[in-house]
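K.L.:
Handing over query_22.cif, mmCIF, C-alpha atoms.
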data_my_file
#
loop_
_atom_site.group_PDB
_atom_site.id
_atom_site.type_symbol
_atom_site.label_atom_id
_atom_site.label_comp_id
_atom_site.auth_asym_id
_atom_site.auth_seq_id
_atom_site.Cartn_x
_atom_site.Cartn_y
_atom_site.Cartn_z
ATOM 1 C CA MET A 549 -47.571 48.801 89.517
ATOM 2 C CA THR A 550 -50.324 50.882 91.103
ATOM 3 C CA LEU A 551 -49.218 54.023 92.920
ATOM 4 C CA PRO A 552 -51.461 55.971 95.314
ATOM 5 C CA ASN A 553 -53.246 58.847 93.589
ATOM 6 C CA VAL A 554 -54.793 60.516 96.618
ATOM 7 C CA PHE A 555 -53.786 63.465 98.764
ATOM 8 C CA ARG A 556 -52.703 62.791 102.321
ATOM 9 C CA THR A 557 -54.897 65.630 103.626
ATOM 10 C CA ASP A 558 -57.666 67.833 102.270
ATOM 11 C CA THR A 559 -56.405 71.135 103.650
ATOM 12 C CA ALA A 560 -54.519 72.507 100.643
ATOM 13 C CA PHE A 561 -56.629 71.507 97.659
ATOM 14 C CA PHE A 562 -59.985 72.071 96.044
ATOM 15 C CA PRO A 563 -62.759 69.508 96.574
ATOM 16 C CA PRO A 564 -62.720 66.310 94.501
ATOM 17 C CA VAL A 565 -64.313 66.496 91.056
ATOM 18 C CA PRO A 566 -65.824 63.033 90.533
ATOM 19 C CA ARG A 567 -66.107 63.255 86.745
ATOM 20 C CA PRO A 568 -65.284 65.623 83.913
ATOM 21 C CA ARG A 569 -67.928 68.014 82.590
ATOM 22 C CA THR A 570 -67.269 66.749 79.083
ATOM 23 C CA GLU A 571 -64.770 64.488 77.337
ATOM 24 C CA GLY A 572 -63.995 63.073 73.932
ATOM 25 C CA MET A 573 -61.495 61.608 71.485
ATOM 26 C CA LEU A 574 -59.540 63.807 69.077
ATOM 27 C CA PRO A 575 -58.025 62.257 65.927
ATOM 28 C CA VAL A 576 -54.512 63.573 65.339
ATOM 29 C CA THR A 577 -51.688 62.596 62.988
ATOM 30 C CA GLY A 578 -49.988 59.233 62.524
ATOM 31 C CA GLY A 579 -53.127 57.208 63.196
ATOM 32 C CA HIS A 580 -53.354 58.363 66.824
ATOM 33 C CA VAL A 581 -56.503 59.450 68.667
ATOM 34 C CA VAL A 582 -56.042 61.310 71.957
ATOM 35 C CA HIS A 583 -58.484 61.263 74.849
ATOM 36 C CA TRP A 584 -59.312 64.623 76.427
ATOM 37 C CA GLU A 585 -61.549 65.868 79.193
ATOM 38 C CA GLU A 586 -62.720 69.181 80.654
ATOM 39 C CA THR A 587 -63.822 70.357 84.089
ATOM 40 C CA GLY A 588 -65.139 73.632 85.446
ATOM 41 C CA PRO A 589 -67.153 76.387 83.776
ATOM 42 C CA GLU A 590 -66.876 76.742 80.016
ATOM 43 C CA ASP A 591 -66.311 80.487 80.433
ATOM 44 C CA GLY A 592 -63.570 80.016 83.050
ATOM 45 C CA VAL A 593 -59.883 80.785 82.606
ATOM 46 C CA PRO A 594 -58.576 77.930 80.430
ATOM 47 C CA VAL A 595 -55.905 75.811 82.117
ATOM 48 C CA LEU A 596 -54.199 72.930 80.307
ATOM 49 C CA VAL A 597 -52.670 70.326 82.658
ATOM 50 C CA LEU A 598 -49.960 68.057 81.206
ATOM 51 C CA HIS A 599 -49.299 64.713 82.856
ATOM 52 C CA GLY A 600 -45.890 63.214 83.521
ATOM 53 C CA GLY A 601 -44.064 60.223 82.143
ATOM 54 C CA PRO A 602 -43.384 59.933 79.298
ATOM 55 C CA GLY A 603 -45.998 57.226 79.485
ATOM 56 C CA GLY A 604 -48.184 58.640 82.257
ATOM 57 C CA GLN A 605 -51.864 59.498 82.065
ATOM 58 C CA ILE A 606 -54.546 61.811 83.408
ATOM 59 C CA LYS A 607 -55.123 61.208 87.126
ATOM 60 C CA PRO A 608 -58.364 62.330 88.783
ATOM 61 C CA TYR A 609 -56.519 64.116 91.595
ATOM 62 C CA TYR A 610 -55.058 66.607 89.099
ATOM 63 C CA ARG A 611 -58.513 68.212 89.014
ATOM 64 C CA ARG A 612 -58.104 69.219 92.660
ATOM 65 C CA LEU A 613 -55.351 71.699 91.778
ATOM 66 C CA LEU A 614 -57.891 73.816 89.865
ATOM 67 C CA ASP A 615 -60.547 76.151 91.249
ATOM 68 C CA PRO A 616 -63.835 74.591 90.082
ATOM 69 C CA ALA A 617 -65.474 78.050 90.006
ATOM 70 C CA ARG A 618 -62.741 79.891 88.062
ATOM 71 C CA HIS A 619 -60.841 77.380 85.943
ATOM 72 C CA ARG A 620 -61.839 75.649 82.743
ATOM 73 C CA GLY A 621 -59.576 72.641 83.156
ATOM 74 C CA ILE A 622 -58.376 70.801 80.066
ATOM 75 C CA PHE A 623 -56.572 67.466 80.377
ATOM 76 C CA PHE A 624 -55.486 64.905 77.798
ATOM 77 C CA ASP A 625 -53.773 61.537 77.656
ATOM 78 C CA GLN A 626 -50.653 61.847 75.518
ATOM 79 C CA ARG A 627 -50.086 59.525 72.539
ATOM 80 C CA GLY A 628 -50.126 55.884 73.526
ATOM 81 C CA CYS A 629 -51.192 56.740 77.085
ATOM 82 C CA GLY A 630 -54.274 56.278 79.236
ATOM 83 C CA GLN A 631 -57.407 56.153 77.125
ATOM 84 C CA SER A 632 -55.688 57.391 73.960
ATOM 85 C CA ALA A 633 -55.281 54.956 71.073
ATOM 86 C CA PRO A 634 -53.510 52.925 69.926
ATOM 87 C CA PHE A 635 -52.459 52.247 73.507
ATOM 88 C CA GLY A 636 -48.737 51.841 74.062
ATOM 89 C CA SER A 637 -47.819 52.811 70.495
ATOM 90 C CA LEU A 638 -44.288 54.090 69.904
ATOM 91 C CA GLU A 639 -44.945 54.947 66.265
ATOM 92 C CA SER A 640 -45.222 58.655 65.383
ATOM 93 C CA ASN A 641 -44.705 59.429 69.051
ATOM 94 C CA THR A 642 -42.218 62.256 69.572
ATOM 95 C CA THR A 643 -42.085 65.544 71.449
ATOM 96 C CA ALA A 644 -42.873 67.411 68.224
ATOM 97 C CA ASP A 645 -45.946 65.194 67.738
ATOM 98 C CA LEU A 646 -47.152 65.978 71.261
ATOM 99 C CA ILE A 647 -46.668 69.720 70.726
ATOM 100 C CA ALA A 648 -48.761 69.449 67.569
ATOM 101 C CA ASP A 649 -51.426 67.537 69.524
ATOM 102 C CA ILE A 650 -51.615 70.328 72.109
ATOM 103 C CA GLU A 651 -52.202 72.867 69.350
ATOM 104 C CA ALA A 652 -54.803 70.617 67.727
ATOM 105 C CA LEU A 653 -56.620 70.288 71.055
ATOM 106 C CA ARG A 654 -56.505 74.042 71.677
ATOM 107 C CA GLU A 655 -58.033 74.732 68.278
ATOM 108 C CA ALA A 656 -60.622 71.964 68.608
ATOM 109 C CA ARG A 657 -61.800 73.336 71.965
ATOM 110 C CA GLY A 658 -61.984 76.908 70.645
ATOM 111 C CA ILE A 659 -59.391 78.335 73.029
ATOM 112 C CA ALA A 660 -57.308 81.350 71.966
ATOM 113 C CA ARG A 661 -54.855 81.367 74.901
ATOM 114 C CA TRP A 662 -54.490 79.341 78.056
ATOM 115 C CA ILE A 663 -52.428 78.779 81.173
ATOM 116 C CA VAL A 664 -50.281 75.659 80.815
ATOM 117 C CA VAL A 665 -49.314 73.556 83.846
ATOM 118 C CA GLY A 666 -46.855 70.657 83.737
ATOM 119 C CA GLY A 667 -45.054 68.534 86.308
ATOM 120 C CA SER A 668 -42.048 66.250 85.825
ATOM 121 C CA TRP A 669 -42.049 65.161 82.149
ATOM 122 C CA GLY A 670 -45.086 67.418 81.864
ATOM 123 C CA SER A 671 -42.771 70.340 82.674
ATOM 124 C CA THR A 672 -40.495 69.319 79.799
ATOM 125 C CA LEU A 673 -43.393 69.190 77.372
ATOM 126 C CA ALA A 674 -44.892 72.432 78.721
ATOM 127 C CA LEU A 675 -41.608 74.273 78.208
ATOM 128 C CA ALA A 676 -41.129 72.875 74.703
ATOM 129 C CA TYR A 677 -44.704 73.815 73.772
ATOM 130 C CA ALA A 678 -44.424 77.307 75.239
ATOM 131 C CA GLN A 679 -41.169 77.959 73.400
ATOM 132 C CA ALA A 680 -42.762 76.821 70.134
ATOM 133 C CA HIS A 681 -46.004 78.793 70.642
ATOM 134 C CA PRO A 682 -45.381 81.591 73.179
ATOM 135 C CA ASP A 683 -48.297 83.647 71.823
ATOM 136 C CA ARG A 684 -50.745 80.936 72.919
ATOM 137 C CA LEU A 685 -50.016 81.237 76.639
ATOM 138 C CA LEU A 686 -51.616 83.330 79.358
ATOM 139 C CA GLY A 687 -49.163 81.867 81.858
ATOM 140 C CA LEU A 688 -46.874 78.896 82.442
ATOM 141 C CA LEU A 689 -46.405 76.855 85.630
ATOM 142 C CA VAL A 690 -43.866 74.042 85.877
ATOM 143 C CA SER A 691 -42.902 71.858 88.833
ATOM 144 C CA GLY A 692 -40.529 68.937 89.282
ATOM 145 C CA VAL A 693 -38.591 70.526 86.442
ATOM 146 C CA PHE A 694 -36.968 68.035 84.085
ATOM 147 C CA LEU A 695 -34.910 69.737 81.383
ATOM 148 C CA ALA A 696 -34.083 66.368 79.804
ATOM 149 C CA ASP A 697 -30.447 67.426 79.540
ATOM 150 C CA ALA A 698 -27.373 65.311 80.247
ATOM 151 C CA ALA A 699 -27.342 66.309 83.933
ATOM 152 C CA ASP A 700 -30.983 65.350 84.430
ATOM 153 C CA ARG A 701 -30.566 62.036 82.646
ATOM 154 C CA TYR A 702 -27.422 61.227 84.621
ATOM 155 C CA TRP A 703 -29.177 61.920 87.915
ATOM 156 C CA TRP A 704 -32.161 59.739 86.993
ATOM 157 C CA TRP A 705 -30.048 56.796 85.906
ATOM 158 C CA GLU A 706 -26.984 57.045 88.158
ATOM 159 C CA GLY A 707 -26.701 60.117 90.410
ATOM 160 C CA GLY A 708 -29.635 59.134 92.627
ATOM 161 C CA ARG A 709 -27.589 56.131 93.728
ATOM 162 C CA THR A 710 -25.958 58.393 96.321
ATOM 163 C CA VAL A 711 -29.330 58.696 98.113
ATOM 164 C CA PHE A 712 -30.856 55.307 97.237
ATOM 165 C CA PRO A 713 -27.916 52.874 97.130
ATOM 166 C CA GLU A 714 -30.037 49.829 97.979
ATOM 167 C CA VAL A 715 -32.726 50.746 95.421
ATOM 168 C CA PHE A 716 -30.221 51.145 92.600
ATOM 169 C CA ALA A 717 -28.420 47.962 93.612
ATOM 170 C CA ALA A 718 -31.710 46.033 93.480
ATOM 171 C CA ARG A 719 -32.489 47.590 90.112
ATOM 172 C CA ASP A 720 -29.142 46.623 88.643
ATOM 173 C CA SER A 721 -29.345 43.067 89.987
ATOM 174 C CA LEU A 722 -31.209 42.186 86.794
ATOM 175 C CA LEU A 723 -28.197 43.112 84.656
ATOM 176 C CA SER A 724 -25.087 41.133 83.859
ATOM 177 C CA GLU A 725 -21.753 42.350 85.191
ATOM 178 C CA ALA A 726 -20.866 43.741 81.783
ATOM 179 C CA GLU A 727 -24.218 45.558 81.477
ATOM 180 C CA ARG A 728 -23.714 47.263 84.838
ATOM 181 C CA THR A 729 -21.008 49.469 83.327
ATOM 182 C CA ASP A 730 -23.844 51.325 81.511
ATOM 183 C CA PRO A 731 -27.217 50.584 83.155
ATOM 184 C CA ARG A 732 -29.070 53.124 81.024
ATOM 185 C CA ALA A 733 -28.010 51.537 77.749
ATOM 186 C CA ALA A 734 -28.688 48.056 79.082
ATOM 187 C CA PHE A 735 -32.183 48.825 80.379
ATOM 188 C CA LEU A 736 -33.194 50.755 77.281
ATOM 189 C CA LYS A 737 -32.067 47.908 75.036
ATOM 190 C CA ARG A 738 -34.015 45.374 77.072
ATOM 191 C CA ILE A 739 -37.170 47.467 77.494
ATOM 192 C CA LEU A 740 -37.349 48.345 73.800
ATOM 193 C CA ASP A 741 -36.903 44.727 72.741
ATOM 194 C CA PRO A 742 -40.196 43.570 71.172
ATOM 195 C CA ASP A 743 -40.080 40.242 73.031
ATOM 196 C CA PRO A 744 -42.178 40.471 76.250
ATOM 197 C CA ALA A 745 -39.947 37.852 77.858
ATOM 198 C CA ILE A 746 -37.116 40.378 77.615
ATOM 199 C CA HIS A 747 -38.815 43.755 78.043
ATOM 200 C CA ALA A 748 -41.347 42.884 80.783
ATOM 201 C CA PRO A 749 -38.836 41.955 83.543
ATOM 202 C CA ALA A 750 -36.690 45.002 82.778
ATOM 203 C CA ALA A 751 -39.677 47.370 82.748
ATOM 204 C CA THR A 752 -40.971 45.869 85.981
ATOM 205 C CA ILE A 753 -37.796 46.246 87.993
ATOM 206 C CA LEU A 754 -37.183 49.758 86.642
ATOM 207 C CA GLY A 755 -40.717 50.782 87.557
ATOM 208 C CA HIS A 756 -40.366 49.437 91.092
ATOM 209 C CA ALA A 757 -37.083 51.337 91.495
ATOM 210 C CA GLU A 758 -38.566 54.626 90.306
ATOM 211 C CA ALA A 759 -41.489 54.271 92.724
ATOM 212 C CA GLN A 760 -39.038 54.405 95.635
ATOM 213 C CA THR A 761 -37.783 57.866 94.610
ATOM 214 C CA LEU A 762 -41.012 59.788 93.988
ATOM 215 C CA ASP A 763 -42.332 60.484 97.494
ATOM 216 C CA LEU A 764 -40.888 61.528 100.840
ATOM 217 C CA HIS A 765 -42.524 58.420 102.283
ATOM 218 C CA ALA A 766 -41.974 55.759 99.651
ATOM 219 C CA PRO A 767 -44.441 52.893 99.272
ATOM 220 C CA PRO A 768 -43.290 49.563 100.705
ATOM 221 C CA PRO A 769 -41.504 47.179 98.341
ATOM 222 C CA PRO A 770 -44.026 45.130 96.369
ATOM 223 C CA ASP A 771 -45.084 41.764 97.718
ATOM 224 C CA ASP A 772 -44.336 40.283 94.310
ATOM 225 C CA PRO A 773 -41.366 42.132 92.761
ATOM 226 C CA ASP A 774 -41.880 40.270 89.498
ATOM 227 C CA ALA A 775 -45.480 41.488 89.077
ATOM 228 C CA MET A 776 -46.479 44.605 87.178
ATOM 229 C CA ASP A 777 -49.652 45.659 85.418
ATOM 230 C CA PRO A 778 -49.250 45.197 81.642
ATOM 231 C CA ARG A 779 -50.377 48.799 81.141
ATOM 232 C CA ASP A 780 -47.531 50.003 83.358
ATOM 233 C CA ILE A 781 -45.100 47.919 81.312
ATOM 234 C CA ALA A 782 -46.407 49.622 78.162
ATOM 235 C CA ALA A 783 -45.962 53.015 79.840
ATOM 236 C CA THR A 784 -42.363 52.174 80.714
ATOM 237 C CA ARG A 785 -41.728 51.283 77.077
ATOM 238 C CA ILE A 786 -42.949 54.762 76.078
ATOM 239 C CA PHE A 787 -40.564 56.245 78.651
ATOM 240 C CA ALA A 788 -37.688 54.206 77.193
ATOM 241 C CA HIS A 789 -38.629 55.253 73.656
ATOM 242 C CA PHE A 790 -38.307 58.920 74.637
ATOM 243 C CA ASP A 791 -35.249 58.479 76.825
ATOM 244 C CA GLN A 792 -33.221 56.655 74.167
ATOM 245 C CA ALA A 793 -33.886 59.607 71.823
ATOM 246 C CA ASP A 794 -32.893 62.181 74.496
ATOM 247 C CA TYR A 795 -36.570 63.154 74.560
ATOM 248 C CA PHE A 796 -36.405 64.294 70.937
ATOM 249 C CA LEU A 797 -34.743 67.551 72.000
ATOM 250 C CA THR A 798 -31.398 69.014 70.991
ATOM 251 C CA PRO A 799 -28.738 69.347 73.724
ATOM 252 C CA GLY A 800 -29.558 72.238 76.045
ATOM 253 C CA GLN A 801 -32.606 73.204 73.972
ATOM 254 C CA LEU A 802 -34.951 74.224 76.771
ATOM 255 C CA LEU A 803 -32.452 76.522 78.505
ATOM 256 C CA ALA A 804 -31.132 77.938 75.243
ATOM 257 C CA ASN A 805 -34.656 78.927 74.187
ATOM 258 C CA ALA A 806 -35.840 80.155 77.598
ATOM 259 C CA ALA A 807 -35.650 83.791 76.455
ATOM 260 C CA ARG A 808 -38.688 83.059 74.269
ATOM 261 C CA LEU A 809 -40.688 82.821 77.503
ATOM 262 C CA ALA A 810 -39.877 86.393 78.602
ATOM 263 C CA ALA A 811 -43.364 87.747 77.913
ATOM 264 C CA ILE A 812 -45.149 84.824 79.620
ATOM 265 C CA PRO A 813 -45.993 85.120 83.342
ATOM 266 C CA GLY A 814 -44.150 82.182 84.819
ATOM 267 C CA GLU A 815 -44.056 80.135 88.013
ATOM 268 C CA ILE A 816 -41.413 77.491 88.767
ATOM 269 C CA ILE A 817 -41.986 75.188 91.747
ATOM 270 C CA ALA A 818 -39.406 72.762 93.163
ATOM 271 C CA GLY A 819 -39.524 70.442 96.146
ATOM 272 C CA ARG A 820 -36.372 70.793 98.225
ATOM 273 C CA SER A 821 -36.460 67.046 98.881
ATOM 274 C CA ASP A 822 -37.450 65.991 95.361
ATOM 275 C CA MET A 823 -35.191 63.011 94.694
ATOM 276 C CA CYS A 824 -36.534 62.389 91.189
ATOM 277 C CA THR A 825 -35.929 65.892 89.800
ATOM 278 C CA PRO A 826 -33.809 67.823 92.323
ATOM 279 C CA PRO A 827 -34.075 71.652 92.386
ATOM 280 C CA ARG A 828 -30.930 72.252 90.282
ATOM 281 C CA ALA A 829 -32.896 72.230 87.031
ATOM 282 C CA ALA A 830 -35.542 74.583 88.436
ATOM 283 C CA TRP A 831 -32.794 76.987 89.524
ATOM 284 C CA ASP A 832 -31.090 76.883 86.125
ATOM 285 C CA LEU A 833 -34.404 77.509 84.386
ATOM 286 C CA ALA A 834 -35.178 80.486 86.622
ATOM 287 C CA GLN A 835 -31.829 82.065 85.751
ATOM 288 C CA ALA A 836 -32.517 81.662 82.026
ATOM 289 C CA TRP A 837 -36.228 82.655 82.034
ATOM 290 C CA PRO A 838 -36.596 86.440 82.394
ATOM 291 C CA GLY A 839 -39.283 87.459 84.860
ATOM 292 C CA SER A 840 -40.089 83.991 86.163
ATOM 293 C CA ARG A 841 -40.739 83.323 89.845
ATOM 294 C CA LEU A 842 -38.987 80.418 91.559
ATOM 295 C CA THR A 843 -40.377 78.797 94.712
ATOM 296 C CA ILE A 844 -38.391 76.035 96.426
ATOM 297 C CA VAL A 845 -40.662 74.311 98.920
ATOM 298 C CA PRO A 846 -39.039 72.962 102.122
ATOM 299 C CA ALA A 847 -39.575 69.270 102.883
ATOM 300 C CA ALA A 848 -41.523 68.718 99.651
ATOM 301 C CA GLY A 849 -41.143 65.869 97.205
ATOM 302 C CA HIS A 850 -41.842 65.334 93.517
ATOM 303 C CA ARG A 851 -45.541 64.734 92.914
ATOM 304 C CA TRP A 852 -48.536 67.032 93.151
ATOM 305 C CA ASN A 853 -50.175 64.808 95.777
ATOM 306 C CA ASP A 854 -47.402 65.853 98.156
ATOM 307 C CA GLU A 855 -49.305 68.321 100.345
ATOM 308 C CA ALA A 856 -46.492 70.863 100.631
ATOM 309 C CA LEU A 857 -45.740 70.820 96.912
ATOM 310 C CA GLY A 858 -49.417 70.775 95.932
ATOM 311 C CA ARG A 859 -50.157 73.761 98.171
ATOM 312 C CA ALA A 860 -47.438 75.761 96.392
ATOM 313 C CA VAL A 861 -48.745 74.720 92.964
ATOM 314 C CA VAL A 862 -52.300 75.785 93.871
ATOM 315 C CA ALA A 863 -51.070 79.179 95.117
ATOM 316 C CA ALA A 864 -48.934 79.730 92.012
ATOM 317 C CA LEU A 865 -51.800 78.819 89.690
ATOM 318 C CA LEU A 866 -54.077 81.307 91.442
ATOM 319 C CA ARG A 867 -51.448 84.020 90.992
ATOM 320 C CA LEU A 868 -51.277 83.278 87.275
ATOM 321 C CA THR A 869 -55.085 83.275 87.099
ATOM 322 C CA ASP A 870 -55.236 86.699 88.724
ATOM 323 C CA SER A 871 -52.648 88.055 86.282
ATOM 324 C CA ALA A 872 -54.628 86.618 83.354
ATOM 325 C CA GLY A 873 -57.669 88.616 84.407
#
Take the structure from the file and write it as structure tokens.
P.N.:
Amino acid sequence: MTLPNVFRTDTAFFPPVPRPRTEGMLPVTGGHVVHWEETGPEDGVPVLVLHGGPGGQIKPYYRRLLDPARHRGIFFDQRGCGQSAPFGSLESNTTADLIADIEALREARGIARWIVVGGSWGSTLALAYAQAHPDRLLGLLVSGVFLADAADRYWWWEGGRTVFPEVFAARDSLLSEAERTDPRAAFLKRILDPDPAIHAPAATILGHAEAQTLDLHAPPPPDDPDAMDPRDIAATRIFAHFDQADYFLTPGQLLANAARLAAIPGEIIAGRSDMCTPPRAAWDLAQAWPGSRLTIVPAAGHRWNDEALGRAVVAALLRLTDSAG
């Protein structure tokens, strides 16, 4: 499935950056090699941008959130994602592995401290990284906050049915009557099955359902609901791998450890109309994170290419940049 990766207007964002200034491949543990890229001046304020998923990848429009004159932007494809290799691999692919990769990238690029930005699953990873290495951060910005707790997982798999009844009904049409008593367990079992004849249809229908919840103006239903790019199927398998393990976090971990963020300048952004990660998690995080600033954006959705949400993210990043000197 191909989703639009362009902004609706050009009024809130920095000009397009056609290509990175430099890029490369970084060998890490477990036989993985991660793809990274940089934009902006080498002496700029370092800003690490973490993509969503799990199973997402760097998107060129992420560069437009950064000031090309002030920010040294660092981006990387997480294990198994994008241009990293081996593509689609579930082996040695956990949250702890990704945190270690971030540290390896920081050291390889000669960066002492940086601002970290993450949206959706990227917010989960950003929070876990910051709590593990608070001394490495100049600032932390998270949007579309996903704490990966029981409430978040319930909303993603079942709670959103109250807003998207027809979408969830179409999703669950793939399942048997018995499987519909626990759609999460049923989909995860199917998607993690090694047989493409089993995992591909489940990944496809789940991906089409998710696409209907990400934007205020959802894309039209696909012309061919059975068609999905094989790379998107692989990405959905990475998502399922993390989801079945509760994202390799202990229950309530990110809120319980939020006090570790007290010394880090922090910005939390939530779209009021975000139907993928509603503002409840952002609110809970703000209450647990001393000194953080919460902004709930009216009529904004989930992704950074939502103009209202993106405008708030740009403004928050500039505030963190100013505080970093």
K.L.:
Between A:Gly687, A:Pro827, A:Gly636, A:Pro742, which residue has the minimum interatomic distance to Gly839 of chain A, considering all atoms listed in the file?
P.N.:
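Comparing A:Gly687, A:Pro827, A:Gly636, A:Pro742 against Gly839 of chain A, the winner is A:Gly687.
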K.L.:
Using Å and a single decimal, report how far atom CA of Val693 of chain A sits from atom CA of His756 of chain A.
P.N.:
21.7 Å
K.L.:
Go through the shown structure with the PyMOL selection byres ((chain A and resi 732-737) around 7) and write out the matching residues as an NGL selection string.
P.N.:
:A and (705 or 727 or 730-731 or 738-741 or 750 or 788 or 792)
K.L.:
Which residues fall under the PyMOL selection byres ((chain A and resi 684) around 9) in this file, as a VMD selection string?
P.N.:
chain A and resid 651 660 to 663 678 681 to 683 685 to 686
K.L.:
Got a sec to resolve the PyMOL selection byres ((chain A and resi 817) around 12) on this structure and send the residues as an mmCIF file with C-alpha atoms, in the frame of the given file?
P.N.:
data_model
loop_
_atom_site.group_PDB
_atom_site.id
_atom_site.type_symbol
_atom_site.label_atom_id
_atom_site.label_comp_id
_atom_site.auth_asym_id
_atom_site.auth_seq_id
_atom_site.Cartn_x
_atom_site.Cartn_y
_atom_site.Cartn_z
ATOM 1 C CA VAL A 665 -49.314 73.556 83.846
ATOM 2 C CA GLY A 666 -46.855 70.657 83.737
ATOM 3 C CA GLY A 667 -45.054 68.534 86.308
ATOM 4 C CA SER A 668 -42.048 66.250 85.825
ATOM 5 C CA SER A 671 -42.771 70.340 82.674
ATOM 6 C CA LEU A 688 -46.874 78.896 82.442
ATOM 7 C CA LEU A 689 -46.405 76.855 85.630
ATOM 8 C CA VAL A 690 -43.866 74.042 85.877
ATOM 9 C CA SER A 691 -42.902 71.858 88.833
ATOM 10 C CA GLY A 692 -40.529 68.937 89.282
ATOM 11 C CA VAL A 693 -38.591 70.526 86.442
ATOM 12 C CA PHE A 694 -36.968 68.035 84.085
ATOM 13 C CA GLY A 814 -44.150 82.182 84.819
ATOM 14 C CA GLU A 815 -44.056 80.135 88.013
ATOM 15 C CA ILE A 816 -41.413 77.491 88.767
ATOM 16 C CA ALA A 818 -39.406 72.762 93.163
ATOM 17 C CA GLY A 819 -39.524 70.442 96.146
ATOM 18 C CA ARG A 820 -36.372 70.793 98.225
ATOM 19 C CA ASP A 822 -37.450 65.991 95.361
ATOM 20 C CA THR A 825 -35.929 65.892 89.800
ATOM 21 C CA PRO A 826 -33.809 67.823 92.323
ATOM 22 C CA PRO A 827 -34.075 71.652 92.386
ATOM 23 C CA ARG A 828 -30.930 72.252 90.282
ATOM 24 C CA ALA A 829 -32.896 72.230 87.031
ATOM 25 C CA ALA A 830 -35.542 74.583 88.436
ATOM 26 C CA TRP A 831 -32.794 76.987 89.524
ATOM 27 C CA LEU A 833 -34.404 77.509 84.386
ATOM 28 C CA ALA A 834 -35.178 80.486 86.622
ATOM 29 C CA SER A 840 -40.089 83.991 86.163
ATOM 30 C CA ARG A 841 -40.739 83.323 89.845
ATOM 31 C CA LEU A 842 -38.987 80.418 91.559
ATOM 32 C CA THR A 843 -40.377 78.797 94.712
ATOM 33 C CA ILE A 844 -38.391 76.035 96.426
ATOM 34 C CA VAL A 845 -40.662 74.311 98.920
ATOM 35 C CA PRO A 846 -39.039 72.962 102.122
ATOM 36 C CA ALA A 848 -41.523 68.718 99.651
ATOM 37 C CA GLY A 849 -41.143 65.869 97.205
ATOM 38 C CA HIS A 850 -41.842 65.334 93.517
ATOM 39 C CA ARG A 851 -45.541 64.734 92.914
ATOM 40 C CA TRP A 852 -48.536 67.032 93.151
ATOM 41 C CA ALA A 856 -46.492 70.863 100.631
ATOM 42 C CA LEU A 857 -45.740 70.820 96.912
ATOM 43 C CA GLY A 858 -49.417 70.775 95.932
ATOM 44 C CA ARG A 859 -50.157 73.761 98.171
ATOM 45 C CA ALA A 860 -47.438 75.761 96.392
ATOM 46 C CA VAL A 861 -48.745 74.720 92.964
ATOM 47 C CA VAL A 862 -52.300 75.785 93.871
ATOM 48 C CA ALA A 863 -51.070 79.179 95.117
ATOM 49 C CA ALA A 864 -48.934 79.730 92.012
ATOM 50 C CA LEU A 865 -51.800 78.819 89.690
#
K.L.:
Give me, as a VMD selection string, all polymer residues having an atom no more than 7 Å from Cys824 of chain A, counting only C-alpha atoms and skipping those fewer than 5 positions away in the same chain.
P.N.:
chain A and resid 704 761 to 762 850
K.L.:
So what do you get for atom CA of Ala560 of chain A versus atom CA of Glu758 of chain A, distance-wise?
P.N.:
26.1 Å
K.L.:
How many Å lie between atom CA of Ser721 of chain A and atom CA of His789 of chain A, rounded to one decimal?
P.N.:
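Those two atoms sit 22.4 Å apart.
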K.L.:
Can you work out which one of A:Ile622, A:Ile781, A:Ala810, A:Leu722 has the shortest atom-to-atom distance to Pro744 of chain A, counting all atoms listed in the file?
P.N.:
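Of A:Ile622, A:Ile781, A:Ala810, A:Leu722, the one nearest Pro744 of chain A, counting all atoms listed in the file, is A:Ile781.
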K.L.:
Would you pick out the contacts of Arg779 of chain A at 9 Å or less, using all atoms listed in the file, so that residues sharing its chain but fewer than 6 positions from it are not included, and give the list as number ranges by chain?
P.N.:
A: 549, 629-630, 635-636
K.L.:
Could you tell me which of A:Leu574, A:Ile606, A:Val582, A:Val593 comes closest to Ser871 of chain A if we count all atoms listed in the file?
P.N.:
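Looking at the shortest contact to Ser871 of chain A, the residue is A:Val593.
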K.L.:
Could you tell me which of A:Tyr677, A:Tyr702, A:Trp584, A:Trp837 comes closest to Asp625 of chain A if we count only C-alpha atoms?
P.N.:
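Counting only C-alpha atoms, the residue closest to Asp625 of chain A is A:Trp584.
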K.L.:
Considering only C-alpha atoms, can you say which of A:Ala766, A:Ala696, A:Ala783, A:Val711 comes closest to Leu803 of chain A?
P.N.:
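The closest residue to Leu803 of chain A is A:Ala696.
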K.L.:
Compile the contact shell of Pro799 of chain A as a ChimeraX atom specification: residues with an atom at most 10 Å away, counting only C-alpha atoms, same-chain residues fewer than 5 positions apart removed.
P.N.:
/A:695-698,794,804
K.L.:
Could you list as a ChimeraX atom specification every residue that has an atom within 12 Å of (-56.8, 59.9, 76.1), using the file's coordinates and counting only C-alpha atoms?
P.N.:
/A:571-576,580-586,598-599,603-607,622-636,649,653
